[in-house]
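First the structure, in the form of structure tokens, and then the observations on it.
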Amino acid sequence: MPVKNRYAELHAEITGWRRDFHTHPELLFEVHRTAAKVADLLRAFGCDEVVEGVGRTGVVGVIKGKTDTSGKVIGLRADMDALPIHETTGLEYASQTPGMMHACGHDGHTAMLLGAAKYLTETRNFDGTAVVVFQPAEEGGAGGLEMCQDGLMDRFGIQEIYGMHNTPGLPVGAFAIRPGALLASSDEFEIVVTGRGGHAAEPHRAVDTTLTASQIVVALQSVVSRNVDPLKRVVVTVGTFETDSEASNVIAHEAKLCGTVRTLDPECRELAEKRIHAIVQGTATAMGATAEITWTPGYPVTMNTPENTVYAADVARSISPDVDDNVNPILPAEDFSYMLEERPGAYIFLGNGDTPNCHHPAYNFDDEAIPFGSSWYSGMIEARMPPA
């Protein structure tokens, strides 16, 4: 395939960009060095327009095709931020910033999209406009939402948008996608239970928040087992349990629980929130305590548009014989979901081979995946906007 041949030629250069990003990771919106390098490269490639500071520190490049009779504008997105994890790979290009590393492959995503941008500016073999979007703060900062709120779609006239994520355990060069829900929504909750502290020898004089909070932890699982349709997926996880006592002979006055709720169905998401509030308040009242809940909405469900999923899978098949177009959805969350709420599009998985999972301190992006990812990015432009 011609596109893959060109990326074989560019492979060393793109790998160099990727490893430079890996050596110098940055968190959330503080991706100043990364964004500056991205912008400089886009200008060097000859992008028709390069705009910095979209969604605080995002970068957008505009590439016009040889013709524009279609009037189409297609967006391609990659994320730039790293994670607050201490790297243990021992690689020669390992992170030089203590406590930060590219443990999710965003360095690879950024480099692959840069490779696609370089190719597209060289060839411009399409009829319309390509918009390359480099996003900050995917790892918990909702940078995708920030870019949308900053007018990304309307400002650049984007009509469809596509994104990609590497997947450890999937062979290098393989692709996986599905229509509809691909990744889950993720909301967070904090529950503070207040009772009446006391002596462990006199529980009748106290209201035991440890016991109350424990009952809440168990009762919350009934949301999944007794409130949600068994054919739908919801996960309720209480991740932390703390009391205000460190002594074995004290009944704590206050206990705090923190957790997450993940689901692939927006209706289940709403149901889970309502039921959790009811269960927490009801259980606390029954035990003679009180409870306050702080609910923090997170990323919505990543919902692939069925028609655009077909387009994405077809391009993947033109690159690789290993394409699963009905992969099982997974329950991590992804803020590309905000972009898919504003425009039709699709998100696809790209194999990263036999590597540690994302967010593991020994994770590393496999550079052999670069030609496949860059080919898919640019292939979406050429396939959706063929030359006039």
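Chain labels follow the order of the structure tokens: the first chain is A, the next B, and so on; residue numbering restarts at 1 in every chain, and ligands are counted from 1 in their shown order.
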
Residues of stretch 150-201 of chain A in strand (DSSP E) according to DSSP, as a count of residues only?
26

Extract, using only C-alpha atoms, all DNA, RNA and protein residues at most 7 Å from A:Gly65, discarding same-chain residues fewer than 3 positions from it, and format them as a PyMOL selection string.
chain A and resi 68+124-129

Counting only C-alpha atoms, which of A:Thr123, A:Ser186, A:Gln159, A:Thr69 gets nearest to A:Asp335?
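Looking only at the distances to A:Asp335, the closest residue turns out to be A:Ser186.
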
Could you name the residues that touch stretch 84-96 of chain A at 6 Å or less, counting only C-alpha atoms, but leaving out those on the same chain fewer than 2 positions away, as a list of chain:residue names?
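Final neighbour list, sorted by chain and number: A:Thr23, A:His24, A:Gly99, A:Met100, A:Met101, A:Pro361, A:Ala362.
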
Hey, what's within 7 Å of stretch 49-55 of chain A if we count only C-alpha atoms and toss same-chain stuff fewer than 6 positions away? As a ChimeraX atom specification, please?
/A:39,42-43,61-62,143,146-147,150

Quick one: pull the distance between atom CA of A:Ser374 and atom CA of A:Gly115, Å, one decimal.
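According to the coordinates, atom CA of A:Ser374 and atom CA of A:Gly115 are separated by 5.9 Å.
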
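Counting only C-alpha atoms and comparing A:Gly180, A:Gly197, A:Pro171, A:Gly140, the residue that lies closest to A:Ala82 is A:Gly140.
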